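Source file input-v8.txt; content: compact mmCIF, C-alpha atoms.
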```
# COMPACT_ATOMS: atom_id res chain seq x y z
CA MET A 1 17.26 -3.03 -6.28
CA LYS A 2 14.87 -5.19 -4.33
CA ASP A 3 12.52 -7.24 -6.47
CA GLU A 4 9.08 -6.44 -5.05
CA THR A 5 7.52 -9.48 -6.72
CA SER A 6 9.71 -11.85 -4.74
CA ASP A 7 9.23 -10.50 -1.23
CA LEU A 8 5.44 -10.16 -1.52
CA SER A 9 5.55 -7.54 1.21
CA ARG A 10 2.49 -5.77 -0.17
CA PRO A 11 -0.73 -7.18 -1.61
CA GLU A 12 0.10 -5.35 -4.84
CA ALA A 13 3.33 -7.35 -5.11
CA ALA A 14 1.43 -10.61 -4.60
CA GLU A 15 -0.98 -9.52 -7.32
CA LYS A 16 1.88 -8.76 -9.67
CA ALA A 17 3.43 -12.16 -8.94
CA PHE A 18 0.08 -13.86 -9.53
CA TYR A 19 -0.45 -12.26 -12.92
CA ARG A 20 3.15 -12.83 -13.92
CA ALA A 21 2.69 -16.55 -13.14
CA PHE A 22 -0.56 -16.49 -15.16
CA ALA A 23 0.99 -14.69 -18.14
CA GLU A 24 4.03 -16.96 -18.16
CA CYS A 25 1.99 -20.14 -17.54
CA ASP A 26 4.39 -20.77 -14.66
CA LEU A 27 2.78 -23.30 -12.34
CA ARG A 28 5.65 -23.21 -9.86
CA ALA A 29 5.30 -19.47 -9.43
CA MET A 30 1.51 -19.90 -9.24
CA ALA A 31 1.95 -22.40 -6.40
CA ALA A 32 4.24 -19.96 -4.59
CA VAL A 33 1.74 -17.11 -4.62
CA TRP A 34 -1.32 -19.09 -3.48
CA SER A 35 -2.00 -19.59 0.19
CA ASP A 36 -1.62 -23.02 1.74
CA ALA A 37 -4.83 -22.54 3.68
CA PRO A 38 -7.87 -24.80 3.37
CA ASP A 39 -10.05 -21.76 2.72
CA ALA A 40 -8.28 -20.87 -0.52
CA VAL A 41 -10.98 -20.55 -3.17
CA CYS A 42 -11.04 -19.99 -6.92
CA VAL A 43 -13.81 -19.41 -9.44
CA HIS A 44 -12.65 -19.45 -13.05
CA PRO A 45 -14.96 -17.72 -15.56
CA GLY A 46 -18.09 -19.77 -16.11
CA SER A 47 -16.88 -22.57 -13.86
CA PRO A 48 -17.98 -24.01 -10.55
CA PRO A 49 -15.86 -23.03 -7.54
CA VAL A 50 -12.82 -24.96 -6.43
CA ILE A 51 -11.95 -24.86 -2.75
CA GLY A 52 -8.68 -25.68 -1.01
CA ARG A 53 -5.11 -25.24 -2.19
CA GLU A 54 -4.76 -28.60 -3.91
CA ALA A 55 -7.94 -28.23 -5.97
CA VAL A 56 -7.12 -24.62 -6.80
CA LEU A 57 -3.63 -25.43 -8.07
CA GLN A 58 -5.01 -28.39 -10.03
CA SER A 59 -7.45 -26.05 -11.76
CA TRP A 60 -4.61 -23.71 -12.75
CA SER A 61 -2.58 -26.67 -13.96
CA SER A 62 -5.47 -27.73 -16.21
CA MET A 63 -5.72 -24.20 -17.58
CA LEU A 64 -2.08 -23.36 -18.07
CA GLU A 65 -0.26 -26.59 -18.83
CA GLY A 66 0.72 -26.53 -22.49
CA ALA A 67 -1.14 -23.26 -23.05
CA VAL A 68 0.22 -20.50 -25.25
CA MET A 69 1.35 -17.68 -23.00
CA PRO A 70 -1.34 -15.00 -23.24
CA ASN A 71 -0.87 -11.30 -23.63
CA LEU A 72 -2.25 -10.13 -20.31
CA ARG A 73 -2.93 -6.58 -19.16
CA VAL A 74 -4.34 -5.97 -15.70
CA VAL A 75 -6.04 -2.79 -14.47
CA LEU A 76 -6.81 -2.28 -10.80
CA LEU A 77 -10.33 -0.85 -10.38
CA ASN A 78 -10.88 -0.94 -6.63
CA ARG A 79 -8.90 -1.75 -3.52
CA ILE A 80 -10.18 -2.69 -0.07
CA ARG A 81 -7.65 -3.24 2.68
CA HIS A 82 -8.13 -3.81 6.38
CA GLU A 83 -5.42 -5.16 8.65
CA GLY A 84 -3.96 -8.29 7.03
CA LEU A 85 -6.62 -8.82 4.39
CA ALA A 86 -6.95 -7.05 1.02
CA VAL A 87 -9.56 -7.37 -1.72
CA HIS A 88 -8.88 -6.03 -5.20
CA LEU A 89 -11.25 -5.76 -8.14
CA VAL A 90 -9.35 -5.86 -11.41
CA GLU A 91 -9.95 -5.98 -15.12
CA GLU A 92 -7.97 -8.66 -16.94
CA HIS A 93 -7.54 -7.99 -20.66
CA ILE A 94 -6.48 -11.30 -22.15
CA ALA A 95 -5.34 -11.59 -25.76
CA ASP A 96 -3.45 -13.99 -27.97
CA PRO A 97 0.25 -13.20 -27.99
CA ASP A 98 0.15 -12.30 -31.68
CA GLY A 99 -2.35 -9.53 -30.95
CA HIS A 100 -4.92 -10.85 -33.38
CA GLY A 101 -8.50 -11.74 -32.52
CA GLY A 102 -9.09 -8.92 -30.05
CA SER A 103 -9.01 -9.44 -26.35
CA THR A 104 -11.29 -10.94 -23.74
CA LEU A 105 -12.28 -8.84 -20.77
CA VAL A 106 -12.49 -10.63 -17.44
CA LEU A 107 -13.45 -9.08 -14.11
CA ALA A 108 -11.75 -10.59 -11.10
CA THR A 109 -12.08 -10.13 -7.36
CA ASN A 110 -8.79 -11.15 -5.74
CA VAL A 111 -8.39 -11.71 -2.00
CA TYR A 112 -4.95 -11.50 -0.39
CA ARG A 113 -3.98 -12.34 3.18
CA TYR A 114 -0.80 -11.58 5.06
CA GLU A 115 0.52 -14.95 6.20
CA GLN A 116 3.65 -15.19 8.29
CA ASP A 117 5.93 -12.81 6.45
CA ARG A 118 4.25 -12.22 3.12
CA TRP A 119 1.01 -11.62 1.27
CA ARG A 120 -0.51 -14.57 -0.50
CA LEU A 121 -3.46 -15.06 -2.79
CA LEU A 122 -6.38 -16.66 -0.99
CA GLY A 123 -9.32 -16.01 -3.28
CA HIS A 124 -9.93 -15.41 -7.00
CA HIS A 125 -13.40 -14.97 -8.49
CA ALA A 126 -13.34 -14.26 -12.21
CA SER A 127 -16.21 -13.69 -14.60
CA VAL A 128 -16.78 -12.43 -18.12
CA PRO A 129 -19.18 -9.50 -18.42
CA ALA A 130 -21.70 -9.74 -21.25
CA ILE A 131 -20.10 -6.82 -23.03
CA ALA A 132 -17.27 -6.48 -25.48
CA ASP A 133 -13.85 -5.43 -24.27
CA HIS A 134 -13.77 -1.70 -23.70
CA PRO A 135 -11.29 0.93 -22.66
CA SER A 136 -10.43 0.66 -18.99
CA LEU A 137 -12.78 2.30 -16.54
CA GLN A 138 -9.82 4.07 -15.00
CA MET B 139 -35.19 -12.66 21.44
CA LYS B 140 -32.62 -10.47 19.78
CA ASP B 141 -33.04 -10.19 16.04
CA GLU B 142 -29.56 -10.98 14.71
CA THR B 143 -30.36 -9.42 11.35
CA SER B 144 -30.89 -6.02 12.91
CA ASP B 145 -27.75 -5.70 15.02
CA LEU B 146 -25.41 -6.92 12.29
CA SER B 147 -22.94 -7.96 14.95
CA ARG B 148 -21.56 -10.78 12.80
CA PRO B 149 -20.82 -10.91 9.09
CA GLU B 150 -23.32 -13.76 8.83
CA ALA B 151 -26.05 -11.46 10.14
CA ALA B 152 -25.14 -8.81 7.55
CA GLU B 153 -25.30 -11.49 4.88
CA LYS B 154 -28.71 -12.60 6.08
CA ALA B 155 -29.92 -8.98 6.05
CA PHE B 156 -28.53 -8.50 2.54
CA TYR B 157 -30.30 -11.52 1.12
CA ARG B 158 -33.50 -10.70 2.95
CA ALA B 159 -33.44 -7.23 1.36
CA PHE B 160 -32.77 -8.87 -2.03
CA ALA B 161 -35.55 -11.45 -1.63
CA GLU B 162 -38.04 -8.84 -0.47
CA CYS B 163 -36.94 -6.23 -3.05
CA ASP B 164 -36.54 -3.88 -0.10
CA LEU B 165 -34.36 -0.97 -1.19
CA ARG B 166 -34.40 0.68 2.21
CA ALA B 167 -33.05 -2.46 3.87
CA MET B 168 -30.54 -2.80 1.03
CA ALA B 169 -29.30 0.73 1.69
CA ALA B 170 -28.94 -0.08 5.40
CA VAL B 171 -26.74 -3.10 4.85
CA TRP B 172 -24.33 -1.54 2.33
CA SER B 173 -21.33 0.39 3.52
CA ASP B 174 -21.19 4.16 3.07
CA ALA B 175 -17.59 3.91 1.96
CA PRO B 176 -16.31 5.09 -1.44
CA ASP B 177 -14.69 1.67 -1.99
CA ALA B 178 -18.03 -0.15 -2.00
CA VAL B 179 -18.11 -2.21 -5.19
CA CYS B 180 -20.67 -4.38 -6.92
CA VAL B 181 -20.57 -6.62 -9.98
CA HIS B 182 -23.97 -7.95 -11.04
CA PRO B 183 -23.91 -11.08 -13.23
CA GLY B 184 -22.72 -10.23 -16.73
CA SER B 185 -22.48 -6.53 -15.94
CA PRO B 186 -19.66 -4.04 -15.67
CA PRO B 187 -18.64 -3.07 -12.13
CA VAL B 188 -20.23 -0.24 -10.21
CA ILE B 189 -18.10 1.51 -7.62
CA GLY B 190 -19.14 3.71 -4.70
CA ARG B 191 -22.23 3.57 -2.51
CA GLU B 192 -24.44 5.78 -4.68
CA ALA B 193 -23.78 3.85 -7.89
CA VAL B 194 -24.14 0.51 -6.10
CA LEU B 195 -27.52 1.41 -4.60
CA GLN B 196 -28.67 2.80 -7.93
CA SER B 197 -27.83 -0.55 -9.55
CA TRP B 198 -29.91 -2.41 -6.96
CA SER B 199 -32.74 0.06 -7.44
CA SER B 200 -32.72 -0.66 -11.20
CA MET B 201 -32.80 -4.40 -10.50
CA LEU B 202 -35.35 -4.55 -7.72
CA GLU B 203 -37.79 -1.69 -8.26
CA GLY B 204 -41.07 -3.18 -9.41
CA ALA B 205 -39.56 -6.66 -9.60
CA VAL B 206 -41.45 -9.77 -8.53
CA MET B 207 -39.94 -10.98 -5.26
CA PRO B 208 -37.80 -13.98 -6.12
CA ASN B 209 -37.59 -17.26 -4.32
CA LEU B 210 -34.01 -17.07 -3.07
CA ARG B 211 -31.98 -19.77 -1.37
CA VAL B 212 -28.41 -19.06 -0.33
CA VAL B 213 -25.74 -21.62 0.51
CA LEU B 214 -22.45 -20.58 2.08
CA LEU B 215 -19.54 -22.39 0.40
CA ASN B 216 -16.48 -20.74 1.90
CA ARG B 217 -15.71 -18.23 4.60
CA ILE B 218 -12.56 -16.14 5.04
CA ARG B 219 -12.32 -13.88 8.06
CA HIS B 220 -9.46 -11.84 9.38
CA GLU B 221 -9.87 -9.08 11.94
CA GLY B 222 -12.65 -6.76 10.73
CA LEU B 223 -12.95 -8.06 7.18
CA ALA B 224 -14.79 -11.17 5.99
CA VAL B 225 -15.16 -12.69 2.53
CA HIS B 226 -17.84 -15.26 1.81
CA LEU B 227 -18.38 -17.32 -1.32
CA VAL B 228 -22.01 -18.31 -1.67
CA GLU B 229 -24.34 -19.99 -4.12
CA GLU B 230 -27.53 -18.07 -4.82
CA HIS B 231 -30.36 -20.21 -6.14
CA ILE B 232 -32.85 -17.77 -7.64
CA ALA B 233 -36.28 -18.90 -8.82
CA ASP B 234 -39.63 -17.42 -9.68
CA PRO B 235 -41.88 -17.31 -6.65
CA ASP B 236 -44.31 -19.78 -8.24
CA GLY B 237 -41.55 -22.37 -8.41
CA HIS B 238 -41.92 -22.90 -12.16
CA GLY B 239 -39.15 -22.53 -14.69
CA GLY B 240 -36.37 -23.98 -12.55
CA SER B 241 -33.83 -21.84 -10.80
CA THR B 242 -30.78 -19.86 -11.78
CA LEU B 243 -27.52 -20.55 -10.02
CA VAL B 244 -25.35 -17.54 -9.25
CA LEU B 245 -21.98 -17.59 -7.51
CA ALA B 246 -21.22 -14.57 -5.38
CA THR B 247 -18.20 -13.36 -3.48
CA ASN B 248 -19.39 -11.05 -0.71
CA VAL B 249 -17.05 -8.80 1.27
CA TYR B 250 -18.09 -7.52 4.72
CA ARG B 251 -16.30 -4.98 6.90
CA TYR B 252 -16.85 -4.11 10.52
CA GLU B 253 -17.59 -0.38 10.55
CA GLN B 254 -18.18 1.45 13.81
CA ASP B 255 -20.50 -0.96 15.59
CA ARG B 256 -21.69 -3.33 12.89
CA TRP B 257 -20.78 -5.38 9.84
CA ARG B 258 -21.72 -3.94 6.50
CA LEU B 259 -21.56 -5.18 2.95
CA LEU B 260 -18.69 -3.61 1.04
CA GLY B 261 -18.30 -5.84 -2.01
CA HIS B 262 -20.47 -8.16 -4.10
CA HIS B 263 -19.20 -9.96 -7.20
CA ALA B 264 -21.79 -12.23 -8.76
CA SER B 265 -21.53 -14.42 -11.84
CA VAL B 266 -23.43 -17.22 -13.51
CA PRO B 267 -21.45 -20.40 -14.10
CA ALA B 268 -21.92 -21.99 -17.51
CA ILE B 269 -23.61 -24.99 -15.96
CA ALA B 270 -27.17 -25.81 -15.03
CA ASP B 271 -28.30 -25.44 -11.46
CA HIS B 272 -27.11 -28.38 -9.42
CA PRO B 273 -27.41 -29.69 -5.91
CA SER B 274 -25.40 -27.58 -3.50
CA LEU B 275 -21.71 -28.37 -3.24
CA GLN B 276 -22.13 -28.57 0.49
```
In structure tokens, what does this structure look like?
Amino acid sequence: MKDETSDLSRPEAAEKAFYRAFAECDLRAMAAVWSDAPDAVCVHPGSPPVIGREAVLQSWSSMLEGAVMPNLRVVLLNRIRHEGLAVHLVEEHIADPDGHGGSTLVLATNVYRYEQDRWRLLGHHASVPAIADHPSLQ
Amino acid sequence: MKDETSDLSRPEAAEKAFYRAFAECDLRAMAAVWSDAPDAVCVHPGSPPVIGREAVLQSWSSMLEGAVMPNLRVVLLNRIRHEGLAVHLVEEHIADPDGHGGSTLVLATNVYRYEQDRWRLLGHHASVPAIADHPSLQ
């Protein structure tokens, strides 16, 4: 069976690969899913934007290196797709792996672009709504 | 001279029209710049997402109706464009019109789509970074 997270032939597969890299604190996989382009852009919750592949990957390195792998559940709320560009709005439910302490709800807008022969992550804007975690809107 | 904010022939013109509507608390102009599509989506700072044109316009109505027109300065930080879809990351510097009380910095990811004969706003994800307002990154 073909592994859809490795061929990245759909934006959904790139999204799955991105969140797997996030959940597993796997910087190599994170580097593989992000675009090489200079217009790659990332806004972590509450943080100023980082622009360009190198700065974006450095920001993920700072976040994930030595971190405890989180329990991460992702719910797709909205999907925009036109030609080789796709924009997804998702809820990220992030919890400690032991399941204690509740979870943090993050909203993220993810931008994917089809580059050469696969979809890659080009933009990530994440923010924490001023509300407690709640059941998914879906 | 052609008014570039009325023909919306470029995503930048749609962005200008959007922020003019915001700054002037003009709900009619706001309705004109937003897409009619069911995948229109809006995240106001600290708020849960609203999806679909009607809900999005209702959210702007709640924000702008009777509001004092803000002093709004917008700085484009990053631009992604592919075919008929464009994604801009901008800084919004929002202040009281009297110039007192400093300004609030908001980061926004705006998604524009070319629909029929013009660009329209299809997505807006805004958040407040946990830092004070600062000189533009540009």
| message | Show me, as a ChimeraX atom specification, the residues of chain A whose atoms get within 8 Å of chain B, using only C-alpha atoms for the distance check. | response | /A:39,41,45-48,51,78-80,82-85,109,125,127-131
Keeping only C-alpha atoms, write those residues as a compact mmCIF listing (two decimals), in the coordinates of the input.
```
# COMPACT_ATOMS: atom_id res chain seq x y z
CA ASP A 39 -10.05 -21.76 2.72
CA VAL A 41 -10.98 -20.55 -3.17
CA PRO A 45 -14.96 -17.72 -15.56
CA GLY A 46 -18.09 -19.77 -16.11
CA SER A 47 -16.88 -22.57 -13.86
CA PRO A 48 -17.98 -24.01 -10.55
CA ILE A 51 -11.95 -24.86 -2.75
CA ASN A 78 -10.88 -0.94 -6.63
CA ARG A 79 -8.90 -1.75 -3.52
CA ILE A 80 -10.18 -2.69 -0.07
CA HIS A 82 -8.13 -3.81 6.38
CA GLU A 83 -5.42 -5.16 8.65
CA GLY A 84 -3.96 -8.29 7.03
CA LEU A 85 -6.62 -8.82 4.39
CA THR A 109 -12.08 -10.13 -7.36
CA HIS A 125 -13.40 -14.97 -8.49
CA SER A 127 -16.21 -13.69 -14.60
CA VAL A 128 -16.78 -12.43 -18.12
CA PRO A 129 -19.18 -9.50 -18.42
CA ALA A 130 -21.70 -9.74 -21.25
CA ILE A 131 -20.10 -6.82 -23.03
```
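Nearest to Ser35 in chain A of all the residues A:Glu65, A:Glu115, A:Glu12, A:Glu92 is A:Glu115, based on all atoms listed in the file.
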| Neighbours of point (-32.0, -10.5, 1.7) within 10 Å, using all atoms listed in the file, written as a PyMOL selection string | chain B and resi 143+152-164+167-168+171+210-212
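Note that CA of Arg258 in chain B and CA of Ser147 in chain B are 9.4 Å apart.
Atom to atom, CA of Pro208 in chain B and CA of Asp234 in chain B stand 5.3 Å apart.
Here CA of Met69 in chain A is placed at a distance of 14.3 Å from CA of Thr104 in chain A.
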| request: Could you check which of B:Pro149, B:Gly240, B:Pro235, B:Gly204 is closest to Trp257 in chain B, using all atoms listed in the file? | output: B:Pro149
| remark: Using only C-alpha atoms, the residue out of A:Ser62, A:Leu76, A:Leu121, A:Ala13 with shortest distance to Trp34 in chain A is A:Leu121
